[in-house]
$ cat input-v8.cif   # mmCIF, C-alpha atoms
data_target
#
loop_
_atom_site.label_atom_id
_atom_site.label_comp_id
_atom_site.auth_asym_id
_atom_site.auth_seq_id
_atom_site.Cartn_x
_atom_site.Cartn_y
_atom_site.Cartn_z
CA VAL P 152 -40.35 2.46 -22.84
CA ASN P 153 -43.00 4.97 -21.78
CA ALA P 154 -41.50 4.84 -18.29
CA GLY P 155 -38.04 5.72 -19.56
CA ALA P 156 -36.47 2.44 -20.70
CA LEU P 157 -34.41 2.52 -23.89
CA TRP P 158 -35.31 0.22 -26.77
CA ALA P 159 -32.61 -1.86 -28.48
CA ASP P 160 -33.10 -3.89 -31.65
CA THR P 161 -30.56 -6.58 -30.74
CA PRO P 162 -28.88 -8.00 -27.64
CA ALA P 163 -25.58 -6.63 -28.93
CA GLU P 164 -27.02 -3.12 -29.03
CA ALA P 165 -28.63 -3.50 -25.61
CA VAL P 166 -25.39 -4.41 -23.81
CA LYS P 167 -23.27 -1.53 -25.11
CA GLY P 168 -21.89 0.41 -22.16
CA ALA P 169 -23.43 -1.91 -19.57
CA SER P 170 -21.41 -3.19 -16.62
CA VAL P 171 -24.06 -5.73 -15.58
CA VAL P 172 -26.37 -7.49 -18.05
CA PHE P 173 -29.51 -9.40 -17.07
CA THR P 174 -31.35 -11.79 -19.38
CA MET P 175 -34.64 -13.64 -18.90
CA VAL P 176 -36.16 -15.44 -21.87
CA GLY P 177 -38.25 -18.54 -22.47
CA TYR P 178 -36.28 -21.59 -23.52
CA PRO P 179 -32.64 -22.77 -23.61
CA SER P 180 -32.70 -22.20 -27.38
CA ASP P 181 -33.58 -18.56 -26.69
CA VAL P 182 -30.72 -18.27 -24.19
CA GLU P 183 -28.33 -19.71 -26.75
CA GLU P 184 -29.51 -17.23 -29.39
CA VAL P 185 -29.27 -14.24 -27.05
CA TYR P 186 -25.74 -15.12 -25.93
CA PHE P 187 -24.19 -16.83 -28.94
CA GLY P 188 -26.27 -15.66 -31.92
CA LYS P 189 -25.09 -13.33 -34.67
CA ASN P 190 -25.93 -10.26 -32.56
CA GLY P 191 -25.38 -12.00 -29.25
CA ILE P 192 -24.07 -10.81 -25.93
CA ILE P 193 -20.82 -12.76 -25.74
CA ASN P 194 -19.31 -11.03 -28.76
CA ALA P 195 -20.68 -7.60 -27.89
CA ALA P 196 -20.26 -7.03 -24.15
CA ALA P 197 -17.09 -5.42 -22.87
CA SER P 198 -14.43 -7.15 -20.83
CA GLY P 199 -15.30 -6.94 -17.13
CA THR P 200 -19.05 -7.11 -17.71
CA ILE P 201 -21.03 -9.38 -15.39
CA LEU P 202 -23.63 -11.48 -17.20
CA VAL P 203 -26.63 -12.72 -15.20
CA ASP P 204 -29.15 -15.12 -16.74
CA TYR P 205 -32.44 -15.38 -14.84
CA THR P 206 -33.87 -17.89 -17.33
CA THR P 207 -34.59 -21.39 -16.08
CA SER P 208 -32.34 -23.23 -18.48
CA ASP P 209 -30.04 -26.18 -19.02
CA PRO P 210 -27.22 -26.35 -16.42
CA GLU P 211 -24.77 -27.37 -19.15
CA LEU P 212 -25.64 -24.26 -21.16
CA SER P 213 -24.98 -22.09 -18.09
CA ILE P 214 -21.56 -23.73 -17.74
CA ARG P 215 -20.86 -23.05 -21.42
CA ILE P 216 -21.82 -19.37 -21.02
CA ALA P 217 -19.52 -19.07 -18.01
CA LYS P 218 -16.60 -20.60 -19.92
CA GLU P 219 -17.10 -18.42 -23.01
CA ALA P 220 -17.58 -15.32 -20.86
CA ALA P 221 -14.31 -16.03 -19.06
CA VAL P 222 -12.46 -16.25 -22.39
CA LYS P 223 -13.73 -12.72 -23.14
CA GLY P 224 -12.77 -11.41 -19.70
CA MET P 225 -16.35 -11.35 -18.44
CA LEU P 226 -18.00 -12.90 -15.39
CA SER P 227 -21.20 -14.94 -15.46
CA LEU P 228 -23.92 -16.02 -13.03
CA ASP P 229 -26.86 -18.34 -13.64
CA ALA P 230 -29.67 -17.11 -11.41
CA PRO P 231 -33.06 -18.73 -12.07
CA VAL P 232 -35.90 -17.52 -9.87
CA SER P 233 -38.94 -18.97 -8.16
CA GLY P 234 -42.09 -17.31 -6.86
CA GLY P 235 -44.22 -16.89 -9.96
CA ASP P 236 -46.19 -13.80 -10.84
CA LEU P 237 -46.89 -12.97 -7.19
CA GLY P 238 -43.23 -13.12 -6.26
CA ALA P 239 -42.30 -10.89 -9.17
CA ARG P 240 -44.98 -8.31 -8.37
CA ASN P 241 -44.10 -8.29 -4.67
CA ALA P 242 -40.30 -8.32 -5.20
CA SER P 243 -40.17 -11.46 -3.07
CA LEU P 244 -38.63 -13.91 -5.54
CA THR P 245 -36.28 -16.66 -4.48
CA ILE P 246 -33.09 -16.40 -6.55
CA MET P 247 -30.85 -19.46 -6.90
CA VAL P 248 -27.38 -18.51 -8.05
CA GLY P 249 -24.47 -20.36 -9.61
CA GLY P 250 -21.08 -18.69 -10.19
CA ASP P 251 -18.23 -17.14 -8.25
CA ARG P 252 -18.50 -15.31 -4.94
CA GLU P 253 -17.00 -12.02 -6.22
CA SER P 254 -19.62 -11.65 -8.96
CA PHE P 255 -22.39 -12.71 -6.58
CA ASP P 256 -21.43 -10.08 -4.01
CA ARG P 257 -21.23 -7.35 -6.65
CA VAL P 258 -24.66 -8.19 -8.08
CA MET P 259 -26.36 -8.67 -4.70
CA PRO P 260 -27.79 -5.11 -4.55
CA PHE P 261 -29.59 -5.81 -7.85
CA PHE P 262 -30.83 -9.20 -6.64
CA GLN P 263 -32.26 -7.58 -3.53
CA VAL P 264 -34.43 -5.30 -5.65
CA MET P 265 -36.27 -8.38 -6.96
CA GLY P 266 -35.90 -11.06 -4.33
CA LYS P 267 -35.94 -11.80 -0.62
CA THR P 268 -34.12 -15.13 -0.59
CA VAL P 269 -30.88 -14.99 -2.58
CA ILE P 270 -28.38 -17.82 -2.11
CA LEU P 271 -25.16 -18.72 -3.92
CA GLN P 272 -25.42 -22.48 -4.43
CA GLY P 273 -22.04 -23.18 -6.02
CA GLY P 274 -20.18 -22.74 -9.27
CA PRO P 275 -21.58 -22.29 -12.80
CA GLY P 276 -24.71 -24.36 -13.34
CA ALA P 277 -25.44 -24.74 -9.62
CA GLY P 278 -28.27 -22.22 -9.77
CA GLN P 279 -29.92 -24.17 -12.57
CA HIS P 280 -29.54 -27.49 -10.76
CA THR P 281 -31.14 -25.90 -7.67
CA LYS P 282 -34.03 -24.66 -9.80
CA MET P 283 -34.50 -28.17 -11.17
CA ALA P 284 -34.79 -29.46 -7.60
CA ASN P 285 -37.34 -26.69 -6.99
CA GLN P 286 -39.41 -27.67 -10.03
CA ILE P 287 -39.35 -31.34 -9.07
CA ALA P 288 -40.70 -30.43 -5.62
CA ILE P 289 -43.39 -28.21 -7.17
CA ALA P 290 -44.44 -31.02 -9.52
CA GLY P 291 -45.02 -33.31 -6.56
CA SER P 292 -46.95 -30.81 -4.47
CA LEU P 293 -49.03 -29.61 -7.44
CA CYS P 294 -50.02 -33.15 -8.43
CA GLY P 295 -50.84 -33.89 -4.80
CA ALA P 296 -52.99 -30.76 -4.48
CA VAL P 297 -54.92 -31.54 -7.67
CA GLU P 298 -55.55 -35.14 -6.70
CA ALA P 299 -56.65 -34.09 -3.19
CA VAL P 300 -59.26 -31.75 -4.69
CA ILE P 301 -60.47 -34.35 -7.20
CA TYR P 302 -60.76 -36.91 -4.40
CA ALA P 303 -62.66 -34.48 -2.16
CA GLU P 304 -65.10 -33.57 -4.93
CA SER P 305 -65.63 -37.23 -5.84
CA ALA P 306 -66.46 -37.99 -2.19
CA GLY P 307 -69.14 -35.28 -2.22
CA LEU P 308 -67.19 -32.90 -0.03
CA ASN P 309 -66.94 -29.13 -0.37
CA PRO P 310 -63.30 -28.74 -1.51
CA ALA P 311 -63.04 -25.19 -0.17
CA ARG P 312 -64.05 -26.45 3.27
CA VAL P 313 -61.62 -29.35 2.97
CA LEU P 314 -58.89 -26.81 2.23
CA GLU P 315 -59.72 -25.06 5.51
CA SER P 316 -58.99 -28.32 7.32
CA ILE P 317 -55.88 -29.51 5.52
CA GLY P 318 -54.34 -26.21 4.46
CA GLY P 319 -52.79 -25.49 7.84
CA GLY P 320 -51.63 -28.96 8.80
CA SER P 321 -48.87 -31.26 7.66
CA ALA P 322 -50.33 -31.31 4.12
CA GLN P 323 -49.77 -27.58 3.75
CA SER P 324 -47.93 -26.42 0.63
CA TRP P 325 -47.69 -23.27 -1.45
CA GLN P 326 -49.50 -25.04 -4.28
CA LEU P 327 -52.32 -26.11 -1.99
CA LEU P 328 -52.85 -22.66 -0.50
CA ASN P 329 -52.36 -20.57 -3.65
CA MET P 330 -53.36 -22.74 -6.60
CA VAL P 331 -56.35 -24.64 -5.23
CA PRO P 332 -58.43 -21.44 -4.72
CA ARG P 333 -57.69 -20.52 -8.36
CA MET P 334 -58.79 -23.98 -9.49
CA LEU P 335 -62.04 -23.74 -7.53
CA ASP P 336 -62.72 -20.25 -8.92
CA GLY P 337 -62.22 -21.52 -12.48
CA ASN P 338 -59.34 -19.10 -12.96
CA PHE P 339 -56.67 -20.82 -15.03
CA ASP P 340 -54.84 -17.72 -16.20
CA PRO P 341 -51.11 -18.33 -16.13
CA GLY P 342 -49.08 -17.22 -13.16
CA PHE P 343 -46.62 -19.62 -14.74
CA TYR P 344 -47.32 -21.14 -18.15
CA SER P 345 -47.84 -24.89 -18.41
CA LYS P 346 -45.65 -24.91 -21.52
CA HIS P 347 -42.76 -23.40 -19.57
CA PHE P 348 -43.22 -25.87 -16.72
CA LEU P 349 -43.07 -28.70 -19.24
CA LYS P 350 -39.81 -27.23 -20.53
CA ASP P 351 -38.43 -27.22 -16.98
CA LEU P 352 -39.53 -30.79 -16.31
CA ARG P 353 -37.83 -31.95 -19.49
CA ILE P 354 -34.59 -30.22 -18.50
CA ALA P 355 -34.77 -31.80 -15.04
CA LEU P 356 -35.48 -35.23 -16.50
CA ASN P 357 -32.62 -34.99 -18.98
CA SER P 358 -30.26 -33.85 -16.22
CA ALA P 359 -31.39 -36.69 -13.95
CA ARG P 360 -30.84 -39.21 -16.70
CA SER P 361 -27.37 -37.85 -17.41
CA MET P 362 -26.59 -38.37 -13.70
CA LYS P 363 -28.17 -41.85 -13.88
CA VAL P 364 -30.79 -40.90 -11.27
CA LYS P 365 -34.22 -42.56 -11.47
CA LEU P 366 -37.05 -40.17 -10.50
CA PRO P 367 -40.47 -41.80 -11.12
CA LEU P 368 -42.50 -38.84 -9.85
CA LEU P 369 -40.67 -36.50 -12.21
CA GLU P 370 -41.35 -38.89 -15.09
CA MET P 371 -45.05 -38.97 -14.17
CA ALA P 372 -45.25 -35.17 -14.00
CA GLU P 373 -43.53 -34.81 -17.38
CA ASN P 374 -46.06 -37.23 -18.90
CA LEU P 375 -48.95 -35.25 -17.40
CA PHE P 376 -47.67 -31.95 -18.73
CA ASN P 377 -47.04 -33.49 -22.14
CA LEU P 378 -50.73 -34.40 -22.03
CA MET P 379 -51.54 -30.83 -20.99
CA SER P 380 -49.85 -29.62 -24.14
CA ASP P 381 -51.60 -32.22 -26.31
CA LYS P 382 -55.00 -31.23 -24.90
CA GLY P 383 -54.55 -27.52 -25.61
CA PHE P 384 -53.66 -26.28 -22.12
CA ALA P 385 -50.10 -25.15 -22.88
CA GLU P 386 -51.00 -21.45 -22.57
CA LYS P 387 -52.85 -21.89 -19.27
CA GLY P 388 -51.35 -21.87 -15.79
CA THR P 389 -49.80 -25.00 -14.30
CA HIS P 390 -52.86 -25.43 -12.06
CA ALA P 391 -54.90 -26.19 -15.19
CA LEU P 392 -53.66 -29.71 -14.50
CA TYR P 393 -56.92 -29.87 -12.53
CA LEU P 394 -58.84 -29.75 -15.83
CA LEU P 395 -57.14 -32.92 -17.08
CA TYR P 396 -58.46 -34.80 -14.07
CA LYS P 397 -61.83 -33.06 -13.99
CA ASN P 398 -62.50 -33.84 -17.66
CA GLY P 399 -61.43 -37.47 -17.39
CA MET P 400 -58.33 -37.06 -19.54
CA VAL P 401 -55.98 -38.81 -17.11
CA LYS P 402 -56.00 -42.56 -17.70
#
$ encode --input "input-v8.cif" --output "structure tokens"
Amino acid sequence: VNAGALWADTPAEAVKGASVVFTMVGYPSDVEEVYFGKNGIINAAASGTILVDYTTSDPELSIRIAKEAAVKGMLSLDAPVSGGDLGARNASLTIMVGGDRESFDRVMPFFQVMGKTVILQGGPGAGQHTKMANQIAIAGSLCGAVEAVIYAESAGLNPARVLESIGGGSAQSWQLLNMVPRMLDGNFDPGFYSKHFLKDLRIALNSARSMKVKLPLLEMAENLFNLMSDKGFAEKGTHALYLLYKNGMVK
């Protein structure tokens, strides 16, 4: 606000006069409230408005928003992002988009302000499904990075030196290179909250089950992040998973 933004008390008030509306909130329940609540966007935005939801949310909810928006003469894109706090600060986010090509092309100049990799994946919900694939891959590489560090420490090695050896080879991953140094420094401030990652894993698991796909690694990661929440680490970064192992909480 001090920089010139205008405050609005409700989503309905915020979207008045807007031709493109962007939303980014925490949980699918928040998305539902912002779009379909008493003072929600769907009933307030003008015909022709393009609605873009950056929230990582349920693919089925994104499809519902697109259908309801179409009834009102609006267009809709689901556009979850990846890249964490660093990607946001550096305007280098990856943006995964679901929706129609016309809306995508019209919103592209806005996407390019925030992201470097912006790809239309398919129709409504496709962006969310792509983000679920992203989160599943992160879960695997994060768990692998944590267990590699725990193993190295247990073997009496210097984990920072081990990282020098394995960080540039076939084991290399973003989690290994960016999260392991934070773990070793004892910095567990959230670049991405554990509680939000748990939300994403639950969405991915529910979607996988609805498609009758068995994903054991995803199930394991969801169990670990449930434990993270139970042990009081929900407000810490995802790399605080290291603390579960370090403190002997993983059985």
$ residues_near_point --input "input-v8.cif" --point "(-15.6, -18.8, -21.3)" --cutoff "12 Å" --atoms "all atoms listed in the file" --output "PyMOL selection string"
chain P and resi 186-187+193-194+198+202+212-227+275
$ resolve_selection --input "input-v8.cif" --expression "the PyMOL selection byres ((chain P and resi 238) around 12)" --output "JSON, numbers by chain"
{"P": [232, 233, 234, 235, 236, 237, 239, 240, 241, 242, 243, 244, 245, 246, 264, 265, 266, 267, 268, 342, 343]}
$ atom_distance --input "input-v8.cif" --atom1 "CA of Ser361 in chain P" --atom2 "CA of Leu271 in chain P"
23.5 Å
$ closest_residue --input "input-v8.cif" --among "P:Arg312, P:Lys346, P:Lys189, P:Lys282" --to "Leu375 in chain P" --atoms "only C-alpha atoms"
P:Lys346
$ atom_distance --input "input-v8.cif" --atom1 "CA of Asp251 in chain P" --atom2 "CA of Val182 in chain P"
20.3 Å
$ resolve_selection --input "input-v8.cif" --expression "the PyMOL selection byres ((chain P and resi 363-372) around 8)" --output "list in words"
Ile287, Ala290, Gly291, Cys294, Leu352, Leu356, Ala359, Arg360, Ser361, Met362, Glu373, Asn374, Leu375 and Phe376 of chain P
$ residues_around --input "input-v8.cif" --residues "Ser292 in chain P" --least-positions-apart "3" --cutoff "7 Å" --atoms "only C-alpha atoms" --output "ChimeraX atom specification"
/P:288-289,295-296,324,326
$ closest_residue --input "input-v8.cif" --among "P:Asn398, P:Ser358, P:Asn338, P:Ser345" --to "Asn377 in chain P" --atoms "all atoms listed in the file"
P:Ser345
$ residues_around --input "input-v8.cif" --residues "range 383-390 of chain P" --least-positions-apart "4" --cutoff "8 Å" --atoms "all atoms listed in the file" --output "list in words"
Leu293, Val297, Met330, Val331, Arg333, Met334, Phe339, Asp340, Pro341, Gly342, Phe343, Tyr344, Ser345, Lys346, Phe348 and Met379 of chain P
$ atom_distance --input "input-v8.cif" --atom1 "CA of Asp229 in chain P" --atom2 "CA of Gly177 in chain P"
14.4 Å
$ residues_around --input "input-v8.cif" --residues "Val258 in chain P" --least-positions-apart "3" --cutoff "10 Å" --atoms "all atoms listed in the file" --output "number ranges by chain"
P: 171, 201-203, 228, 252-255, 261-263
$ write_last_selection --input "input-v8.cif" --atoms "C-alpha atoms" --output "mmCIF file, in the coordinates of the input"
data_model
loop_
_atom_site.group_PDB
_atom_site.id
_atom_site.type_symbol
_atom_site.label_atom_id
_atom_site.label_comp_id
_atom_site.auth_asym_id
_atom_site.auth_seq_id
_atom_site.Cartn_x
_atom_site.Cartn_y
_atom_site.Cartn_z
ATOM 1 C CA VAL P 171 -24.060 -5.730 -15.580
ATOM 2 C CA ILE P 201 -21.030 -9.380 -15.390
ATOM 3 C CA LEU P 202 -23.630 -11.480 -17.200
ATOM 4 C CA VAL P 203 -26.630 -12.720 -15.200
ATOM 5 C CA LEU P 228 -23.920 -16.020 -13.030
ATOM 6 C CA ARG P 252 -18.500 -15.310 -4.940
ATOM 7 C CA GLU P 253 -17.000 -12.020 -6.220
ATOM 8 C CA SER P 254 -19.620 -11.650 -8.960
ATOM 9 C CA PHE P 255 -22.390 -12.710 -6.580
ATOM 10 C CA PHE P 261 -29.590 -5.810 -7.850
ATOM 11 C CA PHE P 262 -30.830 -9.200 -6.640
ATOM 12 C CA GLN P 263 -32.260 -7.580 -3.530
#
$ closest_residue --input "input-v8.cif" --among "P:Pro310, P:Pro179, P:Gly273, P:Pro162" --to "Thr206 in chain P" --atoms "all atoms listed in the file"
P:Pro179
